[in-house]
Structure formats: C-alpha cells, structure tokens
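Okay, data-v2.txt is below, compact mmCIF, C-alpha atoms and all ligand atoms:
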# COMPACT_ATOMS: atom_id res chain seq x y z
CA MET A 1 91.78 141.69 68.97
CA LEU A 2 93.31 138.92 66.86
CA ASN A 3 90.28 136.68 66.49
CA VAL A 4 89.25 135.84 62.92
CA LYS A 5 86.54 133.45 61.74
CA ILE A 6 87.28 131.28 58.76
CA ALA A 7 84.33 129.23 57.52
CA GLY A 8 82.75 129.61 60.96
CA LEU A 9 85.85 128.44 62.85
CA GLU A 10 87.67 130.81 65.17
CA PHE A 11 91.40 131.31 64.72
CA ASN A 12 92.93 133.29 67.58
CA PRO A 13 95.47 134.35 66.61
CA PRO A 14 94.99 133.90 62.84
CA ILE A 15 98.47 132.42 62.67
CA THR A 16 99.18 128.70 62.20
CA ASN A 17 102.00 126.54 60.98
CA ALA A 18 102.12 125.86 57.25
CA SER A 19 101.76 122.31 56.06
CA GLY A 20 105.34 121.34 55.52
CA PRO A 21 108.02 121.51 58.13
CA GLU A 22 107.90 119.99 61.59
CA CYS A 23 104.31 118.76 61.59
CA ASP A 24 104.49 115.11 60.55
CA THR A 25 104.49 113.32 63.94
CA PHE A 26 102.15 113.41 66.93
CA GLU A 27 104.89 114.94 69.12
CA LEU A 28 105.37 117.82 66.69
CA LEU A 29 101.64 118.38 66.22
CA GLU A 30 101.20 118.44 69.99
CA LYS A 31 103.96 121.06 70.30
CA ILE A 32 102.06 123.23 67.83
CA ALA A 33 98.84 122.59 69.76
CA LYS A 34 100.50 123.76 72.99
CA SER A 35 102.12 126.80 71.34
CA GLY A 36 100.57 130.18 70.60
CA ALA A 37 99.40 129.00 67.16
CA GLY A 38 95.71 129.61 66.44
CA GLY A 39 95.29 126.34 64.55
CA ILE A 40 97.03 123.04 63.95
CA MET A 41 98.02 122.02 60.43
CA THR A 42 99.24 118.53 59.56
CA LYS A 43 101.98 117.60 57.13
CA SER A 44 100.47 116.68 53.79
CA MET A 45 99.47 113.05 54.12
CA THR A 46 99.18 110.34 51.52
CA MET A 47 97.33 107.02 51.23
CA VAL A 48 100.42 105.11 52.33
CA PRO A 49 103.36 106.15 54.53
CA ARG A 50 106.29 107.61 52.63
CA GLN A 51 109.97 107.92 53.55
CA GLY A 52 110.42 110.82 51.16
CA ASN A 53 113.46 111.66 49.06
CA PRO A 54 117.10 110.79 49.81
CA GLU A 55 119.10 113.18 52.01
CA PRO A 56 120.40 115.82 52.02
CA ARG A 57 116.94 117.10 51.07
CA LEU A 58 116.56 120.23 53.18
CA ALA A 59 118.62 123.39 53.55
CA LYS A 60 117.05 125.13 56.53
CA ASP A 61 118.74 128.49 56.29
CA VAL A 62 120.07 129.80 53.00
CA GLY A 63 120.50 133.48 53.78
CA GLY A 64 117.34 133.31 55.88
CA ASN A 65 115.43 131.22 53.31
CA SER A 66 114.93 127.49 52.88
CA LEU A 67 115.23 125.02 50.04
CA ASN A 68 113.64 121.58 50.20
CA SER A 69 112.95 118.49 48.22
CA MET A 70 111.46 116.45 51.04
CA GLY A 71 109.31 114.31 48.73
CA LEU A 72 106.25 114.10 50.97
CA PRO A 73 107.61 112.11 53.91
CA ASN A 74 104.62 111.32 56.11
CA LEU A 75 103.14 108.55 58.23
CA GLY A 76 100.16 107.85 55.97
CA TYR A 77 96.59 109.03 56.47
CA LYS A 78 95.60 106.27 58.87
CA ALA A 79 98.24 107.42 61.35
CA TYR A 80 96.93 110.99 61.23
CA ALA A 81 93.37 109.74 61.65
CA SER A 82 94.44 108.23 64.98
CA MET A 83 96.24 111.43 66.09
CA ILE A 84 93.47 113.92 65.42
CA PRO A 85 91.11 112.80 68.22
CA LYS A 86 94.00 113.26 70.68
CA LEU A 87 94.55 116.81 69.47
CA LYS A 88 90.91 117.86 69.91
CA LYS A 89 91.39 118.67 73.61
CA TYR A 90 93.48 121.70 72.64
CA ARG A 91 90.33 123.27 71.18
CA LYS A 92 92.01 124.73 68.13
CA PRO A 93 90.90 124.21 64.54
CA ILE A 94 92.68 121.20 63.09
CA ILE A 95 93.41 121.34 59.38
CA ALA A 96 94.25 118.08 57.66
CA SER A 97 96.45 118.53 54.60
CA VAL A 98 96.00 115.81 51.99
CA ALA A 99 98.14 115.06 48.94
CA SER A 100 98.08 112.45 46.21
CA CYS A 101 100.96 110.20 45.29
CA ASP A 102 101.74 107.84 42.44
CA ASN A 103 102.87 104.82 44.47
CA VAL A 104 99.25 103.81 45.07
CA ALA A 105 97.00 101.96 42.60
CA MET A 106 94.07 104.34 42.96
CA PRO A 107 93.04 107.30 40.80
CA ILE A 108 94.17 110.60 42.29
CA THR A 109 90.64 111.95 42.71
CA GLU A 110 89.71 108.85 44.66
CA GLN A 111 92.78 109.18 46.89
CA PHE A 112 91.75 112.70 47.89
CA ALA A 113 88.17 111.60 48.53
CA VAL A 114 89.15 108.63 50.70
CA MET A 115 91.55 110.67 52.82
CA ALA A 116 89.25 113.66 53.18
CA ALA A 117 86.36 111.46 54.33
CA GLU A 118 88.57 109.70 56.85
CA MET A 119 89.93 113.02 58.17
CA GLU A 120 86.39 114.30 58.69
CA ARG A 121 85.46 111.10 60.53
CA ALA A 122 88.55 111.51 62.73
CA GLY A 123 87.50 115.03 63.71
CA ALA A 124 89.50 117.32 61.41
CA ASP A 125 87.82 120.73 61.24
CA MET A 126 89.01 121.57 57.73
CA ILE A 127 90.62 119.87 54.77
CA GLU A 128 93.43 121.51 52.80
CA ILE A 129 94.01 119.87 49.43
CA ASN A 130 97.67 120.19 48.54
CA ALA A 131 97.65 120.72 44.78
CA SER A 132 101.11 122.24 44.71
CA CYS A 133 103.82 119.91 45.96
CA PRO A 134 106.94 120.90 44.01
CA ASN A 135 108.89 117.72 44.63
CA VAL A 136 106.96 114.59 43.69
CA SER A 137 106.02 115.10 40.07
CA LYS A 138 107.15 117.27 37.20
CA VAL A 139 103.77 118.94 37.04
CA PRO A 140 101.77 119.89 40.15
CA ILE A 141 98.02 119.28 39.99
CA GLY A 142 97.39 122.97 40.52
CA ILE A 143 98.33 123.82 36.96
CA ASP A 144 95.60 121.54 35.56
CA PRO A 145 92.19 123.21 35.96
CA LYS A 146 90.31 120.09 34.81
CA ALA A 147 92.05 117.86 37.36
CA VAL A 148 91.53 120.47 40.09
CA ASP A 149 87.83 120.71 39.18
CA GLU A 150 87.37 116.93 39.38
CA ILE A 151 89.16 116.67 42.70
CA LEU A 152 87.31 119.56 44.31
CA ALA A 153 83.92 118.35 43.11
CA LYS A 154 84.57 114.86 44.43
CA VAL A 155 85.93 115.96 47.81
CA LYS A 156 83.05 118.41 48.27
CA GLN A 157 80.67 115.53 47.59
CA VAL A 158 82.08 113.36 50.36
CA VAL A 159 82.72 115.82 53.23
CA LYS A 160 80.77 118.52 55.02
CA VAL A 161 83.70 120.26 56.73
CA PRO A 162 85.20 123.30 54.99
CA VAL A 163 87.51 122.42 52.11
CA GLY A 164 90.35 124.54 50.76
CA ILE A 165 93.23 124.22 48.36
CA LYS A 166 96.95 125.05 48.59
CA LEU A 167 98.39 126.48 45.42
CA ASN A 168 101.60 127.44 43.66
CA PRO A 169 102.07 131.04 42.55
CA TYR A 170 100.47 131.79 39.16
CA GLY A 171 102.30 135.09 38.61
CA HIS A 172 103.78 133.79 35.36
CA ASN A 173 100.41 132.79 33.87
CA LEU A 174 97.46 134.97 34.75
CA ASN A 175 95.11 133.16 32.35
CA LEU A 176 95.72 130.01 34.33
CA PHE A 177 95.21 131.97 37.55
CA GLU A 178 91.74 133.01 36.35
CA GLU A 179 90.85 129.47 35.30
CA ILE A 180 91.85 128.05 38.67
CA ALA A 181 90.16 130.87 40.59
CA GLY A 182 87.01 130.17 38.56
CA VAL A 183 87.15 126.46 39.43
CA ILE A 184 87.53 127.36 43.12
CA LEU A 185 84.46 129.60 42.97
CA LYS A 186 82.42 127.04 41.05
CA ASN A 187 83.14 124.38 43.68
CA ARG A 188 82.33 126.77 46.52
CA LEU A 189 85.55 126.21 48.43
CA ALA A 190 85.91 127.68 51.91
CA PHE A 191 89.50 128.82 51.53
CA VAL A 192 92.65 129.10 49.47
CA SER A 193 96.17 128.83 50.89
CA THR A 194 98.65 130.66 48.76
CA ILE A 195 101.57 130.17 48.11
CA ASN A 196 103.44 126.88 48.41
CA SER A 197 107.22 127.06 48.10
CA ILE A 198 108.44 128.35 44.74
CA PRO A 199 109.30 125.24 42.71
CA ASN A 200 112.47 124.36 40.82
CA CYS A 201 114.88 126.58 42.70
CA MET A 202 118.53 125.78 43.34
CA GLU A 203 121.30 127.00 45.64
CA ILE A 204 125.05 126.40 45.81
CA ASP A 205 127.54 126.12 48.66
CA LEU A 206 130.55 128.15 47.50
CA LYS A 207 132.97 126.39 49.86
CA THR A 208 132.24 122.95 48.49
CA LYS A 209 130.99 124.17 45.11
CA SER A 210 128.15 121.71 45.43
CA LYS A 211 124.41 121.95 45.31
CA LEU A 212 122.66 122.11 48.67
CA ILE A 213 120.20 119.26 48.20
CA ARG A 214 120.52 115.92 46.44
CA PRO A 215 117.10 114.94 44.98
CA ASN A 216 116.03 116.06 41.52
CA HIS A 217 119.48 117.45 40.61
CA GLY A 218 119.28 119.89 43.50
CA TYR A 219 116.10 121.63 42.38
CA GLY A 220 113.51 122.12 45.08
CA GLY A 221 110.94 124.40 46.69
CA PHE A 222 112.19 127.75 47.97
CA GLY A 223 110.60 129.46 50.98
CA GLY A 224 111.32 132.26 53.41
CA PRO A 225 111.55 136.07 53.34
CA ALA A 226 112.70 136.14 49.69
CA ILE A 227 109.27 134.89 48.52
CA LEU A 228 107.21 137.44 50.47
CA ALA A 229 106.60 139.71 47.47
CA ALA A 230 105.45 136.78 45.31
CA ALA A 231 103.12 135.62 48.08
CA LEU A 232 101.63 139.08 48.70
CA ALA A 233 100.80 139.52 45.03
CA GLU A 234 99.11 136.13 44.89
CA VAL A 235 97.09 136.75 48.06
CA ASN A 236 95.98 140.13 46.76
CA ARG A 237 95.11 138.82 43.30
CA PHE A 238 92.87 136.11 44.81
CA TYR A 239 91.36 138.61 47.25
CA ASN A 240 90.42 140.96 44.42
CA TYR A 241 89.21 138.17 42.14
CA PHE A 242 86.93 136.66 44.79
CA ARG A 243 85.52 140.05 45.76
CA GLU A 244 84.74 140.86 42.15
CA HIS A 245 83.44 137.47 41.01
CA GLY A 246 82.39 135.57 44.12
CA SER A 247 78.92 135.22 45.58
CA HIS A 248 80.24 133.70 48.82
CA LYS A 249 83.21 134.42 51.06
CA ILE A 250 86.35 132.47 50.25
CA ALA A 251 88.92 132.96 52.98
CA ILE A 252 92.61 133.27 52.23
CA PHE A 253 95.50 131.82 54.18
CA GLY A 254 98.53 133.89 53.24
CA VAL A 255 101.64 131.72 53.12
CA GLY A 256 105.14 132.75 52.14
CA GLY A 257 107.82 134.88 53.70
CA VAL A 258 106.26 135.53 57.10
CA SER A 259 109.24 135.99 59.41
CA SER A 260 108.30 139.12 61.34
CA PRO A 261 105.15 140.88 62.55
CA GLU A 262 105.59 143.35 59.68
CA SER A 263 105.54 140.62 57.03
CA ALA A 264 102.43 139.08 58.63
CA ILE A 265 100.72 142.48 58.67
CA LYS A 266 101.51 142.90 54.95
CA HIS A 267 99.75 139.59 54.26
CA PHE A 268 96.66 140.79 56.18
CA LEU A 269 96.65 144.11 54.32
CA ALA A 270 96.96 142.23 51.02
CA GLY A 271 93.83 140.25 51.87
CA ALA A 272 94.84 137.26 53.99
CA ASP A 273 92.38 136.27 56.74
CA ALA A 274 95.15 134.29 58.43
CA VAL A 275 98.79 133.47 57.82
CA GLN A 276 100.70 130.21 57.89
CA ILE A 277 104.36 130.00 58.86
CA GLY A 278 106.74 127.49 57.25
CA THR A 279 110.43 128.42 57.04
CA TYR A 280 110.49 130.73 60.07
CA TYR A 281 108.79 128.11 62.27
CA MET A 282 111.26 125.47 61.07
CA GLN A 283 114.18 127.76 61.92
CA LYS A 284 112.99 129.13 65.26
CA GLY A 285 110.54 126.59 66.69
CA PRO A 286 106.98 126.87 68.02
CA GLY A 287 107.67 130.08 69.97
CA VAL A 288 107.27 132.01 66.70
CA PHE A 289 103.46 131.91 66.79
CA ALA A 290 103.15 133.82 70.07
CA GLU A 291 106.02 136.12 69.09
CA LEU A 292 104.34 137.08 65.81
CA ALA A 293 100.93 137.46 67.46
CA ARG A 294 102.36 139.85 70.06
CA GLY A 295 104.05 141.90 67.36
CA VAL A 296 100.91 142.12 65.22
CA GLU A 297 98.81 143.09 68.23
CA ASN A 298 101.27 145.83 69.27
CA TRP A 299 101.23 147.25 65.77
CA LEU A 300 97.42 147.29 65.66
CA ARG A 301 97.31 149.16 68.99
CA ILE A 302 99.92 151.71 67.92
CA GLU A 303 98.04 152.30 64.66
CA GLY A 304 94.73 152.71 66.52
CA TYR A 305 92.87 149.62 65.30
CA SER A 306 90.66 147.62 67.62
CA ASN A 307 90.49 144.39 65.61
CA ILE A 308 92.60 142.71 62.97
CA SER A 309 89.57 142.45 60.67
CA GLU A 310 89.92 146.21 60.09
CA ILE A 311 93.12 145.71 58.11
CA ILE A 312 92.29 142.57 56.11
CA GLY A 313 92.40 143.57 52.45
CA ALA A 314 92.82 147.23 53.36
CA VAL A 315 95.89 147.85 51.21
CA LYS A 316 95.46 150.98 49.06
CA GLU A 317 96.22 151.34 45.39
CA ILE A 318 98.68 154.14 44.69
O1 LIG B 401 107.26 117.24 51.06
C1 LIG B 401 107.64 118.06 50.20
O2 LIG B 401 108.58 117.85 49.43
C2 LIG B 401 106.95 119.34 50.04
C3 LIG B 401 105.59 119.46 49.86
BR1 LIG B 401 104.44 118.00 49.96
C4 LIG B 401 105.02 120.73 49.59
O3 LIG B 401 103.81 120.91 49.38
N1 LIG B 401 105.86 121.79 49.52
C5 LIG B 401 107.18 121.67 49.73
O4 LIG B 401 107.90 122.69 49.65
N2 LIG B 401 107.72 120.44 49.96
Using the file provided, produce a representation of the structure as structure tokens.
Ligand code: RRO
Amino acid sequence: MLNVKIAGLEFNPPITNASGPECDTFELLEKIAKSGAGGIMTKSMTMVPRQGNPEPRLAKDVGGNSLNSMGLPNLGYKAYASMIPKLKKYRKPIIASVASCDNVAMPITEQFAVMAAEMERAGADMIEINASCPNVSKVPIGIDPKAVDEILAKVKQVVKVPVGIKLNPYGHNLNLFEEIAGVILKNRLAFVSTINSIPNCMEIDLKTKSKLIRPNHGYGGFGGPAILAAALAEVNRFYNYFREHGSHKIAIFGVGGVSSPESAIKHFLAGADAVQIGTYYMQKGPGVFAELARGVENWLRIEGYSNISEIIGAVKEI
C-alpha cells in the first residue's frame, strides 16, 4: 500500500530521514537502516572531514521547531564510501548526499563529480546534490542557475545512478524558481528534494535574553512544523512545473515540517512521491518512520484508497 518507485527504486514506505540530523556516523546510519524508514540518507559529505561550526550550534526544540548552524560536520566522503557497502545488506535504497566546501583546493564542480563517482562505486543507489546548505556560505549554490547547470551537467556525465538536487525555497523569487526548474529539466535529473531548512532565521531565549546558537551571529536554518506551509507550496510548484514542462518524470522528495501522518499526507497530496524527515526524527528518534507509515496507511484505508500513488499530486484547486 505504501510502495512508491522513484527512478526505478522501490521506497516502502516512501519515508526516509532527511540529510541533516543524526545521519553522519555508521552507527546512526545503521539505526536508520534497521528502522521503518524506506531508504537511508547520509549526512551531506564533503571532500575532507569537517568538524563544523562552534557550539552551541543546534537548538533541537524551539516550540516544536529546530534551528541549526551545524556547518556541515561530516566524516569526509572516503569514510562514507567505506560505510555504504556495509549498509547494502538492509536492501533499502541508499542516497548519498554530497556538498561542496571552500576548504579544499578544487573547483566546486569537480568536488561534486569526484564524490558522486566515488559514491556510485561504493554502491550508493542515488546521489542527492546539496545545493542549499544555509550555514557555510553567504550564498547557497541553489540561487545560481549557471553554477547549478554546470554541476548537474558534470555529475550526470560521471555517474549512471539517479541524480537529484536539494533546494532552498524559492517562494520569494519565482523567476529564479523557473530558471532553476528549467536547469533541472534540461539536465534530466531524477528527483528534487525540497525544501532545506529556511536560512537566516534566529531565535531568542527569554530567560537568558541570548540567542540560541553561536555561529553566524545566531542566524541559522529553521526546520519543523512551522515550515510545512512553505514546503508544501514549493513541492506543489515543482510538481505543477514538471507536469507542464517536463518530458520525463522527475520525482519529488517533500521535505519540511513532517511531524505527523497528516503533515506527510499533505506533502503527498501536494505532489511529493516520498517525504524526508529532519527535525521530527532528531527529536523523537528512528521510531518516527514506522509511526508515520502506520498513520499514513490508516488514513488511506479510512479514506478508501488502495495505494498511496492515488493521492500523489491529487490536491484540488479551490
Ligand atoms: O550542516 C549544516 O549546517 C546544514 C546543512 Br549542510 C544543510 O543542508 N541544512 C542545514 O540546515 N544545516
């Protein structure tokens, strides 16, 4: 009932962790593999290991939401290349998230190509290009259509596995949205993951009257239930754009604000083929995947559907 194919790979349920929290070590990835998640997503990796930003850099629960400026802490792509073969026995699609960084003397496009090729060799089933990290540069790659085009073209040249891209919300600039969507179509990507945390947000602890995180003057990426509406709009806008302009299927991972079966169902109705869970997984642990899957399945039964595919993109205009 919950099986969905994305670029030929089966996700059952179509619910995975989001690249971000609690997926940067083998132990954490194995916990996800053993959980009810339908796929395994790695933390965004870089050419060299990174410690990330100074602490405190994460507020896990700000009224149910999260604020982070982690700064891409990860073990480096070679470490993930050695973990992936050990995760294959769980027979779930493995998505390798790759990100560029500026502490390496290699052009960004090249960094993505090297890591993507190595991930494919290691056995990753899909590559997610993180073009939207809010915390390592003033300007994420995803707002530069020319850079995105170069990166996608190069990565598509070097790997055969499905390639996708993780993006920031474009709600504030719909011309840019169309440019990026066009670049995605042109490069025949397999999927889009939308949205990353909303960048440049800030929160305050009233008791101490201080900011909640230290890096970048306390500005970081905001996730959780409060970003659901922004995520739904972005998912739906991509869904409609691809249906209108695309000649091939581009799947959508809906990311942002999934913290209940109802919020996951809204993502599916908006056009998501699968959802990724960040903040809620970080707060509640790997039990959330099975919990959400059960809730979605119950809802489908009560509403009289026999498969989740019947509701993907089925939201009605009013
Ligand atoms: O590690 C981070 O600071 C981070 C990344 Br790479 C990302 O893509 N999104 C986010 O909220 N934090």
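Of the listed residues A:Thr16, A:Gln111, A:Ser132, A:Asn175, the one whose atoms come nearest to ligand LIG 401 (chain B) is A:Ser132, with distances taken using only C-alpha atoms and all ligand atoms.
In this model, the gap between atom CA of A:Asn17 and atom CA of A:Glu150 comes to 27.8 Å.
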Practice task
All residues within 6 Å of ligand LIG 401 (chain B) are required, counting all atoms listed in the file; please report them as JSON, numbers by chain.
Solution key: {"A": [20, 44, 68, 69, 70, 71, 72, 73, 132, 133, 134, 135, 196, 197, 221]}
Problem - Shell around A:Tyr280 at 9 Å using only C-alpha atoms, local window under 2 positions removed, as a list in words - result: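 Residues near the query, excluding close chain neighbours: Gly64, Asn65, Gly224, Pro225, Gly257, Val258, Ser259, Ser260, Ile277, Gly278, Met282, Gln283, Lys284, Gly285 and Val288 of chain A.
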Handout entry: Among listed residues A:Ser97, A:Lys92, A:Asn3, A:Ile141, nearest A:Cys23 (using all atoms listed in the file)
Key =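 Looking only at the distances to A:Cys23, the closest residue turns out to be A:Ser97.
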Exercise for the section: Counting all atoms listed in the file, select every polymer residue within 8 Å of (101.4, 131.7, 63.8) as defined in the file's coordinates, and provide the selection as a list in words. Expected result: Pro13, Pro14, Ile15, Thr16, Asn17, Gly36, Ala37, Gly38, Val275, Gln276, Ile277, Val288, Phe289, Ala290, Leu292 and Ala293 of chain A
At a cut-off of 8 Å, can you tabulate as a tab-separated table every residue of stretch 184-291 of chain A near stretch 308-317 of chain A together with its closest atom pair and the distance in Å to one decimal, using only C-alpha atoms and ordering rows by chain then number?
residue	atom	partner	partner_atom	distance
A:Asn236	CA	A:Gly313	CA	7.6
A:Tyr239	CA	A:Gly313	CA	7.3
A:Phe268	CA	A:Ile312	CA	4.7
A:Leu269	CA	A:Gly313	CA	4.7
A:Ala270	CA	A:Gly313	CA	5.0
A:Gly271	CA	A:Gly313	CA	3.7
A:Ala272	CA	A:Ile312	CA	6.3
A:Asp273	CA	A:Ile312	CA	6.3
Go through stretch 24-101 of chain A and flag each residue having an atom no more than 7 Å from stretch 207-215 of chain A; for those, report the closest pair of atoms plus their distance in Å to one decimal, using only C-alpha atoms, ordered by chain and rising number, as a tab-separated table.
residue	atom	partner	partner_atom	distance
A:Asn53	CA	A:Pro215	CA	6.4
A:Pro54	CA	A:Pro215	CA	6.4
A:Glu55	CA	A:Arg214	CA	6.4
A:Pro56	CA	A:Ile213	CA	5.1
A:Arg57	CA	A:Ile213	CA	4.9
A:Leu58	CA	A:Ile213	CA	6.2
A:Ala59	CA	A:Leu212	CA	6.5
A:Ser69	CA	A:Pro215	CA	6.4
Exercise for the section: Counting all atoms listed in the file, figure out which residue out of A:Gly182, A:Gly223, A:Gly63, A:Gly304 gets nearest to A:Ile198. Expected result: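 Going through A:Gly182, A:Gly223, A:Gly63, A:Gly304 one by one, the smallest distance to A:Ile198 is for A:Gly223.
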Handout entry: Which residue of A:Ala116, A:Ala79, A:Leu67, A:Val296 approaches A:Pro199 most closely, using only C-alpha atoms
Key = A:Leu67
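Pairwise distance (atom CA of A:Leu152, atom CA of A:Ile250) equals 14.2 Å.
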Practice task
Go through A:Thr109, A:Asn298, A:Gln51, A:Asn173 one by one, measure the shortest atom-to-atom distance of each to A:Ala131 using all atoms listed in the file, and give the residue with the smallest value.
Solution key: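 Comparing A:Thr109, A:Asn298, A:Gln51, A:Asn173 against A:Ala131, the winner is A:Thr109.
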Problem - Residue neighbourhood A:Phe26, 9 Å, all atoms listed in the file, exclusion window fewer than 5 positions, as a list in words - result: Lys31, Tyr80, Met83, Ile84, Lys86 and Leu87 of chain A
Reconstruct N, CA and C atoms of stretch 181-195 of chain A; output as a PDB file, keeping the file's coordinate frame.
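Here's the written file selection30.pdb:
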ATOM      1  N   ALA A 181      91.024 130.100  39.679  1.00  0.00           N
ATOM      2  CA  ALA A 181      90.160 130.870  40.590  1.00  0.00           C
ATOM      3  C   ALA A 181      88.688 130.594  40.266  1.00  0.00           C
ATOM      4  N   GLY A 182      88.377 130.468  38.980  1.00  0.00           N
ATOM      5  CA  GLY A 182      87.010 130.170  38.560  1.00  0.00           C
ATOM      6  C   GLY A 182      86.556 128.791  39.052  1.00  0.00           C
ATOM      7  N   VAL A 183      87.453 127.821  38.963  1.00  0.00           N
ATOM      8  CA  VAL A 183      87.150 126.460  39.430  1.00  0.00           C
ATOM      9  C   VAL A 183      86.902 126.458  40.946  1.00  0.00           C
ATOM     10  N   ILE A 184      87.676 127.254  41.654  1.00  0.00           N
ATOM     11  CA  ILE A 184      87.530 127.360  43.120  1.00  0.00           C
ATOM     12  C   ILE A 184      86.161 127.947  43.468  1.00  0.00           C
ATOM     13  N   LEU A 185      85.776 128.983  42.732  1.00  0.00           N
ATOM     14  CA  LEU A 185      84.460 129.600  42.970  1.00  0.00           C
ATOM     15  C   LEU A 185      83.334 128.623  42.650  1.00  0.00           C
ATOM     16  N   LYS A 186      83.456 127.976  41.510  1.00  0.00           N
ATOM     17  CA  LYS A 186      82.420 127.040  41.050  1.00  0.00           C
ATOM     18  C   LYS A 186      82.190 125.939  42.084  1.00  0.00           C
ATOM     19  N   ASN A 187      83.266 125.480  42.705  1.00  0.00           N
ATOM     20  CA  ASN A 187      83.140 124.380  43.680  1.00  0.00           C
ATOM     21  C   ASN A 187      82.906 124.868  45.106  1.00  0.00           C
ATOM     22  N   ARG A 188      82.681 126.167  45.232  1.00  0.00           N
ATOM     23  CA  ARG A 188      82.330 126.770  46.520  1.00  0.00           C
ATOM     24  C   ARG A 188      83.282 126.354  47.640  1.00  0.00           C
ATOM     25  N   LEU A 189      84.572 126.509  47.378  1.00  0.00           N
ATOM     26  CA  LEU A 189      85.550 126.210  48.430  1.00  0.00           C
ATOM     27  C   LEU A 189      85.448 127.213  49.562  1.00  0.00           C
ATOM     28  N   ALA A 190      85.929 126.792  50.739  1.00  0.00           N
ATOM     29  CA  ALA A 190      85.910 127.680  51.910  1.00  0.00           C
ATOM     30  C   ALA A 190      87.151 128.563  51.966  1.00  0.00           C
ATOM     31  N   PHE A 191      88.263 128.030  51.449  1.00  0.00           N
ATOM     32  CA  PHE A 191      89.500 128.820  51.530  1.00  0.00           C
ATOM     33  C   PHE A 191      90.531 128.413  50.501  1.00  0.00           C
ATOM     34  N   VAL A 192      91.472 129.343  50.306  1.00  0.00           N
ATOM     35  CA  VAL A 192      92.650 129.100  49.470  1.00  0.00           C
ATOM     36  C   VAL A 192      93.871 129.370  50.331  1.00  0.00           C
ATOM     37  N   SER A 193      94.890 128.547  50.226  1.00  0.00           N
ATOM     38  CA  SER A 193      96.170 128.830  50.890  1.00  0.00           C
ATOM     39  C   SER A 193      97.182 129.101  49.795  1.00  0.00           C
ATOM     40  N   THR A 194      97.749 130.279  49.830  1.00  0.00           N
ATOM     41  CA  THR A 194      98.650 130.660  48.760  1.00  0.00           C
ATOM     42  C   THR A 194      99.807 131.480  49.340  1.00  0.00           C
ATOM     43  N   ILE A 195     101.062 131.088  49.120  1.00  0.00           N
ATOM     44  CA  ILE A 195     101.570 130.170  48.110  1.00  0.00           C
ATOM     45  C   ILE A 195     102.390 129.036  48.743  1.00  0.00           C
TER      46      ILE A 195
END
